[in-house]
Amino acid sequence: MKVVVMIKQVPDTNEVRLDKRTGTLIREGVPSIINPEDKNALEEALKLKEKTGGSVVVVSMGPPQAEDALREALAMGADEAILLTDRAFAGADTWATATTLGHALKKIGDFDLVLAGRQAIDGDTAQVGPQLAEYLKIPQVTYVRELVVDDGKVKATRALEDGYEEIEAELPALLTITKEANVPRYPHAAAIMTAYREQEVALWSAEDINADPESVGLKGSPTQVKRSFTPPPKEPGQVIKSAPSEAAKDVVAILRQKNII
Amino acid sequence: MDFTFSKEHQLLRRMIREFAEKEVAPLAEDIDRDERVPFETLRKAAKLGLMGIPFPQKYGGAGAGEIGYCILMEELNKICGSTATIIGAHTGIGAMAIYLDGTEEQKQKYLVPLARGEKIAAFALTEANAGSDAAAIQTRAVREGDHFILNGSKLWITNGDIADVISVLAVTDPALGARGGVTAFIVEKEFPGFKVGHKEEKMGIRGSSTAELFFEDCRVPAENVLGMFGGGFLTFMKTLDVGRISLGAGCLGASDKALEMCMEFAKSRYQFGAPIAAKQAIQWMIADMAIEIEALRSLIYRTAWMLDSGQTGREFSNMAAMCKVFGSEVACRAADVAVQIHGGMGYMKKYPVERMYRDARITRIFEGTNEIQREIIARNLFRKVGLRLR
C-alpha cells in the first residue's frame, strides 16, 4: 500500500512573538518545524506501514529550506521525499497550493491513501486538504482521529465539536488528521544521520509536474492575503443594572445612538 | 571557518532536547531523592539510539561522532545530571574503551549490544589506594591456561551495580608497573568470581549508582584482553581523554541551564519596586556567567571537531584536559551563582537549583581530578618547548 503524506514546514508559532507596532508576526530567528498535525498524519502513515507493509512518500511545497522538514520525515521512517520547489509556486494561496500538490500526486500516480494534517499553525485555514481531494476527485474525510484500512476501504472516525462520526470511504481517499490521533514518534538518532547523509530528497519544479504557470503560485491564486494581524482586544461590555422596563429604555437609547436602529 | 553545526546535528539536538524535556525531566527530582536508576528512561533512550551516539552504525551506534555525543551530554545535563552520568559512564568510557581498542570480534560481541543499549557498560579503574595515582592499582590478573584470574576490588564505579559489561584495569606484571605491566580486560558480570559490593550514597547525581566491585578468583577468558597485553594503561588513559570532552559538554549544558534559570528568576523577582535584574550586582553575575559559557562552548566543540576529523595526539589530549578543567569549574561557579541569585529559593529542595549545585560538584573530582588535569596540561606544554617533567 502506498500512502502519500502532505507536509508543510512552518515557523514554530510557540516561539513567535508579535510586533506590537504592526500587529504582525516576527518570524526572524524563529525555528522551522514540521506542522504539528502533519506530523500526526505522518505518524498514522508510519503506523499503517508497520501493520500492512507498503511505502510512505512525503511531499511538501515550499522554498529550498523546506527540505529540512522532509529530511526529518525521512528520519521518522518515510521511504521517499519530494520537495516541490520553484519560484513559480511562490505567493500561492490555498487553492493554488492544492493545485500544485494535485499535479504532484498525479505524477506519483499509484497512491492508495493521501494523509494531511487538519490545518497548518501559520495559516490555520484547513482548506488545502479538502481542496486537494476535490482536485483529485477522490473522497475526503476531515478531522480524523482514528483510521483503519481494510479491503480497499478506509474506516475513519471523525471528531466534531459535538460528537464523532464513523465514515467509510473507498480508496484512494484523502484524510486530514487531528492532533488527537496519536503521539508522533521521535526520529531514531541513526536515522537522523542517514536521512541527511545517505537519503535523497527529490526536487520537482513546475515543469517536472507539468503545471501550467497560470494555475500555480501567485498567478493561480484567486485570493491574496493582504495583511495578517491580531485584532485589538474586545472592550468590556456595558452592564445596565436598572429594572427591566427602565433597562429596556436605556438599551434602545444606546442602540439609537449607535445608529443600529 | 564554518562554526555552524551540520543540519543532521541540529536535528539531533532538537530530538534530544524534546526527549529530555518530555521523558527525562518528569523523573529528575524523584530519582535524585530516591537514589533510583531510571531504567525506564534508559530503555526509551536505547530505542532511539541514544545509548551509542558516537559509534559507527556498523557497530550499532548512531554514527553521530563526538560532536553528536557532546550534543547529547549537553542537552541531557540541562535537565538531569544523574541520567546524563549513567549514559555518560556507559557510552563515554565503558563502551568507548572497547570501541577504541577492541578487536573486531570484541566489537561485534560487546560494542554492538552496548551501542544499542541492550546491555549496560561500566569503566573500572579506581581503587581504594589508586585514584589520581592510577598506576598504583593493585587488582591482579594472573594467567592460568586460557584464562586470567583476577583478584582485587574497584571503588566508586558508576553503573557498577547495573552493568553487564565492565572494562577493568588490572596488574599483569608488578615489576613493570604502568609501562607494560598493566592490562585491560572486558569482564562480563556473569563471569565466576565477579561480585558487586556496596552501593554508595552520594551528595549529588544520586539517580546514578556508584558501587564497589570485587574480583574473587574471577575467571576471565584470555580473548577478553582489551587492547595490547601490558598496554592497558594507555588504553584506559586514551579512553579517559575522549571522555573528558563530553564531560565538559555536560558541564556546558548544566551551566547554560543555570544561566537560563537565573535570568528567568531575575526578570520576575521584584524587590525594591523593580526586577532584581535591574541591580548591577546581578547583571555582572549574569554577564560573567555568559562569558564563561560562550568560551566553554567554543572549547568543547572545537575539541570534539578535532577528534571527529582525526586530529588525535598530544595537542588533542591537552585540549580534552582543558575541556574537563574549564567545564567543571564553569559549571560549579554557575551553580553557586545560581543559588545566590535565587536567594532562599536556591536553597530549598522544592526548586531544582539546589540539585544542580549538588550535581555539579563531582565534576571537578571524577574522571581525573582538576589537579591532575592541570599537571597533564603543564607537562604537555613544557614538553613542547623541550622540557620533560615527571
# chains A, B, ... in the order shown; residues from 1 in each chain; ligands from 1
$ residues_around --residues "Ile138 of chain A" --least-positions-apart "2" --cutoff "12 Å" --atoms "only C-alpha atoms" --output "MDAnalysis selection string"
chainID A and resid 102 105:106 111:114 129:136 140:141 169:175
$ select_by_dssp --residues "segment 1-213 of chain A" --states "strand (DSSP E or B)" --output "PyMOL selection string"
chain A and resi 2-6+9-11+17-18+25-26+32-34+55-61+80-84+113-117+140-150+153-160+163-170+173-177+202-204
$ residues_around --residues "Leu125 of chain B" --least-positions-apart "2" --cutoff "12 Å" --atoms "only C-alpha atoms" --output "VMD selection string"
chain B and resid 93 to 94 97 122 to 123 127 to 139 152 to 158 160 166 to 171 182 to 185 212 to 213 232 to 233 235 to 237 239 to 240 366 to 368
$ write_last_selection --atoms "N, CA and C atoms" --output "short mmCIF file (atom, residue, chain, number, x, y, z; two decimals), in the first residue's frame"
data_model
loop_
_atom_site.label_atom_id
_atom_site.label_comp_id
_atom_site.auth_asym_id
_atom_site.auth_seq_id
_atom_site.Cartn_x
_atom_site.Cartn_y
_atom_site.Cartn_z
N ILE B 93 32.86 6.16 28.48
CA ILE B 93 34.07 5.47 28.89
C ILE B 93 33.92 3.95 28.86
N GLY B 94 32.83 3.39 29.38
CA GLY B 94 32.66 1.93 29.39
C GLY B 94 32.74 1.32 28.01
N ALA B 97 35.97 2.38 25.63
CA ALA B 97 37.24 1.64 25.71
C ALA B 97 37.27 0.51 24.69
N ALA B 122 30.29 -0.33 32.17
CA ALA B 122 30.95 0.46 33.22
C ALA B 122 32.45 0.45 32.96
N PHE B 123 33.15 1.34 33.65
CA PHE B 123 34.60 1.53 33.44
C PHE B 123 35.25 1.44 34.82
N GLU B 127 40.64 2.47 42.59
CA GLU B 127 40.65 1.57 43.75
C GLU B 127 40.85 2.42 44.99
N ALA B 128 40.76 1.75 46.16
CA ALA B 128 40.91 2.49 47.43
C ALA B 128 42.24 3.25 47.49
N ASN B 129 43.31 2.61 46.99
CA ASN B 129 44.63 3.25 47.06
C ASN B 129 45.08 3.81 45.73
N ALA B 130 44.19 3.85 44.77
CA ALA B 130 44.60 4.34 43.45
C ALA B 130 43.50 5.18 42.84
N GLY B 131 43.60 6.50 43.10
CA GLY B 131 42.64 7.42 42.48
C GLY B 131 43.41 8.18 41.43
N SER B 132 43.95 9.33 41.85
CA SER B 132 44.77 10.09 40.93
C SER B 132 46.01 9.28 40.54
N ASP B 133 46.54 8.53 41.51
CA ASP B 133 47.72 7.70 41.24
C ASP B 133 47.24 6.39 40.63
N ALA B 134 46.69 6.49 39.42
CA ALA B 134 46.06 5.33 38.78
C ALA B 134 47.03 4.17 38.62
N ALA B 135 48.31 4.49 38.46
CA ALA B 135 49.31 3.43 38.26
C ALA B 135 49.50 2.58 39.51
N ALA B 136 48.99 3.04 40.64
CA ALA B 136 49.16 2.29 41.90
C ALA B 136 48.08 1.23 42.11
N ILE B 137 47.32 0.90 41.07
CA ILE B 137 46.27 -0.11 41.24
C ILE B 137 46.89 -1.44 41.66
N GLN B 138 46.07 -2.21 42.41
CA GLN B 138 46.57 -3.47 42.93
C GLN B 138 45.78 -4.68 42.46
N THR B 139 44.66 -4.47 41.77
CA THR B 139 43.92 -5.63 41.26
C THR B 139 44.84 -6.42 40.35
N GLY B 152 40.98 -8.72 43.39
CA GLY B 152 41.11 -7.33 43.84
C GLY B 152 39.75 -6.68 43.93
N SER B 153 39.76 -5.36 44.01
CA SER B 153 38.48 -4.65 44.11
C SER B 153 38.59 -3.29 43.47
N LYS B 154 37.46 -2.77 43.06
CA LYS B 154 37.37 -1.44 42.46
C LYS B 154 36.37 -0.61 43.25
N LEU B 155 36.64 0.66 43.32
CA LEU B 155 35.82 1.53 44.18
C LEU B 155 35.16 2.64 43.37
N TRP B 156 33.92 3.01 43.79
CA TRP B 156 33.25 4.16 43.20
C TRP B 156 33.08 4.05 41.69
N ILE B 157 32.59 2.91 41.27
CA ILE B 157 32.42 2.69 39.84
C ILE B 157 30.99 3.04 39.45
N THR B 158 30.81 4.06 38.60
CA THR B 158 29.47 4.43 38.13
C THR B 158 28.90 3.29 37.31
N GLY B 160 28.34 0.51 38.36
CA GLY B 160 28.97 -0.74 38.80
C GLY B 160 27.96 -1.83 39.11
N ILE B 166 31.97 -4.80 31.88
CA ILE B 166 32.82 -3.82 32.58
C ILE B 166 34.24 -3.85 32.02
N SER B 167 34.76 -2.70 31.65
CA SER B 167 36.16 -2.61 31.23
C SER B 167 36.99 -2.45 32.51
N VAL B 168 37.88 -3.38 32.77
CA VAL B 168 38.63 -3.41 34.04
C VAL B 168 40.13 -3.30 33.79
N LEU B 169 40.82 -2.54 34.62
CA LEU B 169 42.28 -2.45 34.52
C LEU B 169 42.93 -3.24 35.66
N ALA B 170 43.87 -4.14 35.34
CA ALA B 170 44.50 -4.97 36.35
C ALA B 170 45.99 -5.10 36.09
N VAL B 171 46.74 -5.45 37.14
CA VAL B 171 48.20 -5.59 37.03
C VAL B 171 48.53 -6.98 36.54
N VAL B 182 50.50 -3.52 33.06
CA VAL B 182 49.08 -3.36 33.38
C VAL B 182 48.26 -3.67 32.12
N THR B 183 47.17 -4.41 32.29
CA THR B 183 46.38 -4.85 31.13
C THR B 183 44.90 -4.58 31.35
N ALA B 184 44.21 -4.23 30.28
CA ALA B 184 42.76 -4.01 30.36
C ALA B 184 42.03 -5.29 29.98
N PHE B 185 40.91 -5.53 30.64
CA PHE B 185 40.10 -6.73 30.38
C PHE B 185 38.64 -6.36 30.22
N GLU B 212 30.94 -0.59 44.63
CA GLU B 212 32.21 -1.31 44.80
C GLU B 212 32.12 -2.59 43.99
N LEU B 213 33.22 -2.99 43.37
CA LEU B 213 33.24 -4.26 42.63
C LEU B 213 34.32 -5.15 43.23
N GLY B 232 47.54 -1.74 28.95
CA GLY B 232 46.24 -1.33 29.49
C GLY B 232 46.18 0.12 29.95
N PHE B 233 47.33 0.59 30.48
CA PHE B 233 47.34 1.97 30.97
C PHE B 233 47.04 2.93 29.83
N THR B 235 45.44 2.22 27.04
CA THR B 235 44.04 2.04 26.65
C THR B 235 43.12 2.87 27.54
N PHE B 236 43.34 2.77 28.85
CA PHE B 236 42.47 3.48 29.77
C PHE B 236 42.66 4.99 29.71
N MET B 237 43.90 5.45 29.58
CA MET B 237 44.14 6.89 29.52
C MET B 237 43.56 7.49 28.24
N THR B 239 41.00 6.37 26.67
CA THR B 239 39.55 6.40 26.83
C THR B 239 39.13 7.60 27.68
N LEU B 240 39.86 7.84 28.75
CA LEU B 240 39.54 8.97 29.61
C LEU B 240 39.68 10.30 28.87
N PHE B 366 35.86 13.67 39.59
CA PHE B 366 35.98 12.39 38.87
C PHE B 366 36.54 12.54 37.47
N GLU B 367 36.81 11.41 36.85
CA GLU B 367 37.41 11.33 35.52
C GLU B 367 38.74 12.08 35.47
N GLY B 368 39.45 12.04 36.58
CA GLY B 368 40.73 12.74 36.65
C GLY B 368 40.51 14.08 37.33
#
$ residues_around --residues "Leu72 of chain B" --least-positions-apart "3" --cutoff "12 Å" --atoms "only C-alpha atoms" --output "PyMOL selection string"
(chain A and resi 189) or (chain B and resi 9-20+45+49-54+62+64-69+75-80+83-85+87-88+91-92+246-253)
$ write_last_selection --atoms "N, CA and C atoms" --output "tab-separated table (two decimals), in the first residue's frame"
chain	number	residue	atom	x	y	z
A	189	ALA	N	18.14	8.27	16.32
A	189	ALA	CA	19.37	9.05	16.10
A	189	ALA	C	20.11	8.62	14.84
B	9	HIS	N	23.16	17.34	12.80
B	9	HIS	CA	23.43	17.56	14.23
B	9	HIS	C	22.41	18.50	14.84
B	10	GLN	N	21.92	19.46	14.05
B	10	GLN	CA	20.88	20.37	14.56
B	10	GLN	C	19.59	19.60	14.83
B	11	LEU	N	19.24	18.71	13.90
B	11	LEU	CA	18.02	17.93	14.09
B	11	LEU	C	18.18	16.97	15.28
B	12	LEU	N	19.38	16.41	15.40
B	12	LEU	CA	19.66	15.52	16.52
B	12	LEU	C	19.47	16.26	17.84
B	13	ARG	N	20.00	17.48	17.90
B	13	ARG	CA	19.88	18.27	19.12
B	13	ARG	C	18.41	18.53	19.44
B	14	ARG	N	17.62	18.85	18.41
B	14	ARG	CA	16.20	19.12	18.63
B	14	ARG	C	15.49	17.89	19.16
B	15	MET	N	15.80	16.74	18.60
B	15	MET	CA	15.16	15.50	19.04
B	15	MET	C	15.54	15.20	20.49
B	16	ILE	N	16.84	15.33	20.80
B	16	ILE	CA	17.31	15.04	22.16
B	16	ILE	C	16.71	16.02	23.17
B	17	ARG	N	16.61	17.28	22.77
B	17	ARG	CA	16.05	18.28	23.69
B	17	ARG	C	14.60	17.95	24.01
B	18	GLU	N	13.84	17.56	22.98
B	18	GLU	CA	12.44	17.21	23.19
B	18	GLU	C	12.34	15.97	24.08
B	19	PHE	N	13.21	14.99	23.81
B	19	PHE	CA	13.23	13.77	24.62
B	19	PHE	C	13.55	14.11	26.07
B	20	ALA	N	14.55	14.95	26.27
B	20	ALA	CA	14.97	15.31	27.62
B	20	ALA	C	13.84	16.03	28.36
B	45	ALA	N	15.66	5.56	25.82
B	45	ALA	CA	16.84	6.13	25.16
B	45	ALA	C	17.44	5.11	24.19
B	49	GLY	N	18.31	5.09	19.93
B	49	GLY	CA	19.72	5.09	19.54
B	49	GLY	C	20.57	6.04	20.36
B	50	LEU	N	20.08	6.44	21.55
B	50	LEU	CA	20.81	7.42	22.34
B	50	LEU	C	21.88	6.80	23.22
B	51	MET	N	21.97	5.46	23.23
B	51	MET	CA	22.98	4.83	24.09
B	51	MET	C	24.29	4.57	23.33
B	52	GLY	N	24.31	4.85	22.03
B	52	GLY	CA	25.50	4.57	21.23
B	52	GLY	C	25.76	5.68	20.23
B	53	ILE	N	25.46	6.91	20.63
B	53	ILE	CA	25.51	8.05	19.71
B	53	ILE	C	26.83	8.18	18.92
B	54	PRO	N	28.00	8.09	19.56
B	54	PRO	CA	29.21	8.36	18.80
B	54	PRO	C	29.69	7.22	17.92
B	62	ALA	N	24.84	5.36	16.38
B	62	ALA	CA	24.10	6.29	15.54
B	62	ALA	C	24.98	6.94	14.48
B	64	ALA	N	26.94	9.48	14.94
B	64	ALA	CA	26.89	10.94	15.05
B	64	ALA	C	28.20	11.55	15.55
B	65	GLY	N	29.21	10.71	15.80
B	65	GLY	CA	30.53	11.21	16.17
B	65	GLY	C	30.58	11.83	17.56
B	66	GLU	N	31.75	12.40	17.87
B	66	GLU	CA	31.96	13.01	19.17
B	66	GLU	C	31.11	14.28	19.30
B	67	ILE	N	30.94	14.99	18.18
B	67	ILE	CA	30.09	16.19	18.21
B	67	ILE	C	28.67	15.81	18.61
B	68	GLY	N	28.14	14.74	17.99
B	68	GLY	CA	26.80	14.28	18.33
B	68	GLY	C	26.72	13.87	19.79
B	69	TYR	N	27.77	13.23	20.28
B	69	TYR	CA	27.78	12.77	21.66
B	69	TYR	C	27.84	13.94	22.63
B	75	GLU	N	22.64	18.48	26.21
B	75	GLU	CA	21.19	18.61	26.37
B	75	GLU	C	20.67	17.83	27.59
B	76	LEU	N	21.21	16.63	27.84
B	76	LEU	CA	20.75	15.84	28.98
B	76	LEU	C	21.10	16.51	30.30
B	77	ASN	N	22.30	17.09	30.37
B	77	ASN	CA	22.73	17.70	31.62
B	77	ASN	C	21.96	18.97	31.96
B	78	LYS	N	21.27	19.54	30.95
B	78	LYS	CA	20.43	20.70	31.24
B	78	LYS	C	19.26	20.25	32.12
B	79	ILE	N	18.88	19.00	31.99
B	79	ILE	CA	17.66	18.50	32.60
B	79	ILE	C	17.94	17.61	33.81
B	80	CYS	N	18.91	16.70	33.69
B	80	CYS	CA	19.12	15.73	34.76
B	80	CYS	C	20.55	15.21	34.77
B	83	THR	N	20.81	11.16	35.05
B	83	THR	CA	20.58	10.41	33.82
B	83	THR	C	21.76	10.57	32.87
B	84	ALA	N	22.26	11.78	32.76
B	84	ALA	CA	23.40	12.04	31.88
B	84	ALA	C	24.63	11.27	32.34
B	85	THR	N	24.84	11.17	33.65
B	85	THR	CA	26.01	10.46	34.18
B	85	THR	C	25.93	8.97	33.90
B	87	ILE	N	24.37	7.48	31.38
B	87	ILE	CA	24.64	7.27	29.97
B	87	ILE	C	26.09	7.63	29.65
B	88	GLY	N	26.61	8.64	30.32
B	88	GLY	CA	27.99	9.05	30.11
B	88	GLY	C	28.99	7.97	30.48
B	91	THR	N	28.39	5.02	27.74
B	91	THR	CA	28.85	5.28	26.38
B	91	THR	C	30.26	5.87	26.36
B	92	GLY	N	30.44	6.92	27.16
B	92	GLY	CA	31.64	7.74	27.06
B	92	GLY	C	32.92	7.08	27.52
B	246	SER	N	33.32	15.09	26.51
B	246	SER	CA	31.88	15.04	26.72
B	246	SER	C	31.50	15.40	28.15
B	247	LEU	N	32.40	15.17	29.09
B	247	LEU	CA	32.14	15.63	30.45
B	247	LEU	C	32.05	17.15	30.45
B	248	GLY	N	32.99	17.77	29.73
B	248	GLY	CA	32.94	19.23	29.58
B	248	GLY	C	31.65	19.67	28.91
B	249	ALA	N	31.19	18.89	27.93
B	249	ALA	CA	29.94	19.24	27.24
B	249	ALA	C	28.77	19.18	28.20
B	250	GLY	N	28.78	18.20	29.07
B	250	GLY	CA	27.74	18.11	30.08
B	250	GLY	C	27.75	19.33	30.99
B	251	CYS	N	28.96	19.76	31.37
B	251	CYS	CA	29.10	20.95	32.21
B	251	CYS	C	28.57	22.18	31.48
B	252	LEU	N	28.81	22.22	30.16
B	252	LEU	CA	28.29	23.33	29.35
B	252	LEU	C	26.77	23.39	29.45
B	253	GLY	N	26.13	22.24	29.28
B	253	GLY	CA	24.67	22.20	29.35
B	253	GLY	C	24.16	22.66	30.71
$ residues_around --residues "Leu101 of chain A" --least-positions-apart "3" --cutoff "9 Å" --atoms "only C-alpha atoms" --output "PyMOL selection string"
chain A and resi 6+59-61+84+96-98+104-106+132
$ write_last_selection --atoms "C-alpha atoms" --output "compact mmCIF listing (two decimals), in the first residue's frame"
# COMPACT_ATOMS: atom_id res chain seq x y z
CA MET A 6 1.45 16.08 2.61
CA VAL A 59 5.53 15.62 -0.26
CA SER A 60 5.91 19.29 0.52
CA MET A 61 5.62 22.52 -1.40
CA LEU A 84 8.01 20.92 -4.88
CA ALA A 96 -3.01 27.31 -5.94
CA THR A 97 -1.22 25.19 -3.32
CA ALA A 98 -3.77 22.42 -3.68
CA ALA A 104 2.49 16.17 -7.97
CA LEU A 105 0.10 13.46 -6.82
CA LYS A 106 -0.99 12.86 -10.40
CA LEU A 132 -6.69 18.73 -2.87
$ interface_residues --of "chain A" --to "chain B" --cutoff "12 Å" --atoms "only C-alpha atoms" --output "ChimeraX atom specification"
/A:31-34,65,67-76,184-198
$ write_last_selection --atoms "C-alpha atoms" --output "PDB file, in the first residue's frame"
ATOM      1  CA  PRO A  31      12.906  27.813  14.267  1.00  0.00           C
ATOM      2  CA  SER A  32      11.076  25.987  11.483  1.00  0.00           C
ATOM      3  CA  ILE A  33       9.255  22.767  12.231  1.00  0.00           C
ATOM      4  CA  ILE A  34       7.004  20.242  10.538  1.00  0.00           C
ATOM      5  CA  GLN A  65      14.792  25.234   3.299  1.00  0.00           C
ATOM      6  CA  GLU A  67      13.933  20.273   2.613  1.00  0.00           C
ATOM      7  CA  ASP A  68      14.773  20.056   6.325  1.00  0.00           C
ATOM      8  CA  ALA A  69      11.163  19.191   7.122  1.00  0.00           C
ATOM      9  CA  LEU A  70      11.315  16.381   4.575  1.00  0.00           C
ATOM     10  CA  ARG A  71      14.612  15.115   5.994  1.00  0.00           C
ATOM     11  CA  GLU A  72      13.008  14.944   9.408  1.00  0.00           C
ATOM     12  CA  ALA A  73      10.130  12.974   7.882  1.00  0.00           C
ATOM     13  CA  LEU A  74      12.631  10.558   6.315  1.00  0.00           C
ATOM     14  CA  ALA A  75      14.326  10.205   9.688  1.00  0.00           C
ATOM     15  CA  MET A  76      10.977   9.295  11.235  1.00  0.00           C
ATOM     16  CA  PRO A 184       4.263  11.204  16.772  1.00  0.00           C
ATOM     17  CA  ARG A 185       7.402   9.142  17.261  1.00  0.00           C
ATOM     18  CA  TYR A 186      10.842  10.616  17.800  1.00  0.00           C
ATOM     19  CA  PRO A 187      13.210  10.007  14.887  1.00  0.00           C
ATOM     20  CA  HIS A 188      15.930   7.459  15.738  1.00  0.00           C
ATOM     21  CA  ALA A 189      19.370   9.048  16.102  1.00  0.00           C
ATOM     22  CA  ALA A 190      20.920   6.821  13.412  1.00  0.00           C
ATOM     23  CA  ALA A 191      18.006   7.563  11.068  1.00  0.00           C
ATOM     24  CA  ILE A 192      18.632  11.307  11.504  1.00  0.00           C
ATOM     25  CA  MET A 193      22.215  10.846  10.324  1.00  0.00           C
ATOM     26  CA  THR A 194      21.163   8.613   7.437  1.00  0.00           C
ATOM     27  CA  ALA A 195      18.352  10.943   6.345  1.00  0.00           C
ATOM     28  CA  TYR A 196      20.861  13.731   5.729  1.00  0.00           C
ATOM     29  CA  ARG A 197      23.926  11.773   4.700  1.00  0.00           C
ATOM     30  CA  GLU A 198      22.571   8.991   2.540  1.00  0.00           C
TER      31      GLU A 198
END
$ select_by_dssp --residues "segment 15-229 of chain A" --states "alpha helix (DSSP H)" --output "count of residues only"
60
$ residues_around --residues "Ile240 of chain A" --least-positions-apart "3" --cutoff "12 Å" --atoms "only C-alpha atoms" --output "PyMOL selection string"
chain A and resi 237+243-252+254
$ write_last_selection --atoms "C-alpha atoms" --output "PDB file, in the first residue's frame"
ATOM      1  CA  GLY A 237     -19.263  45.328  27.561  1.00  0.00           C
ATOM      2  CA  ALA A 243     -35.037  47.424  36.490  1.00  0.00           C
ATOM      3  CA  PRO A 244     -36.154  45.632  33.283  1.00  0.00           C
ATOM      4  CA  SER A 245     -38.562  48.289  31.990  1.00  0.00           C
ATOM      5  CA  GLU A 246     -36.043  51.062  32.636  1.00  0.00           C
ATOM      6  CA  ALA A 247     -33.208  48.924  31.264  1.00  0.00           C
ATOM      7  CA  ALA A 248     -35.125  48.351  28.025  1.00  0.00           C
ATOM      8  CA  LYS A 249     -35.430  52.133  27.519  1.00  0.00           C
ATOM      9  CA  ASP A 250     -31.702  52.571  28.166  1.00  0.00           C
ATOM     10  CA  VAL A 251     -30.757  49.847  25.729  1.00  0.00           C
ATOM     11  CA  VAL A 252     -32.965  51.269  22.972  1.00  0.00           C
ATOM     12  CA  ILE A 254     -27.914  53.292  23.182  1.00  0.00           C
TER      13      ILE A 254
END
$ residues_around --residues "segment 121-127 of chain A" --least-positions-apart "5" --cutoff "8 Å" --atoms "only C-alpha atoms" --output "PyMOL selection string"
chain A and resi 10-11+13+35-36+94
$ atom_distance --atom1 "atom CA of Ile177 of chain A" --atom2 "atom CA of Asp150 of chain A"
18.2 Å
$ atom_distance --atom1 "atom CA of Lys153 of chain A" --atom2 "atom CA of Val5 of chain A"
17.6 Å
$ atom_distance --atom1 "atom CA of Phe326 of chain B" --atom2 "atom CA of Met261 of chain B"
21.1 Å
$ closest_residue --among "B:Glu40, B:Arg179, B:Arg314, B:Ser209" --to "Leu234 of chain B" --atoms "only C-alpha atoms"
B:Arg179
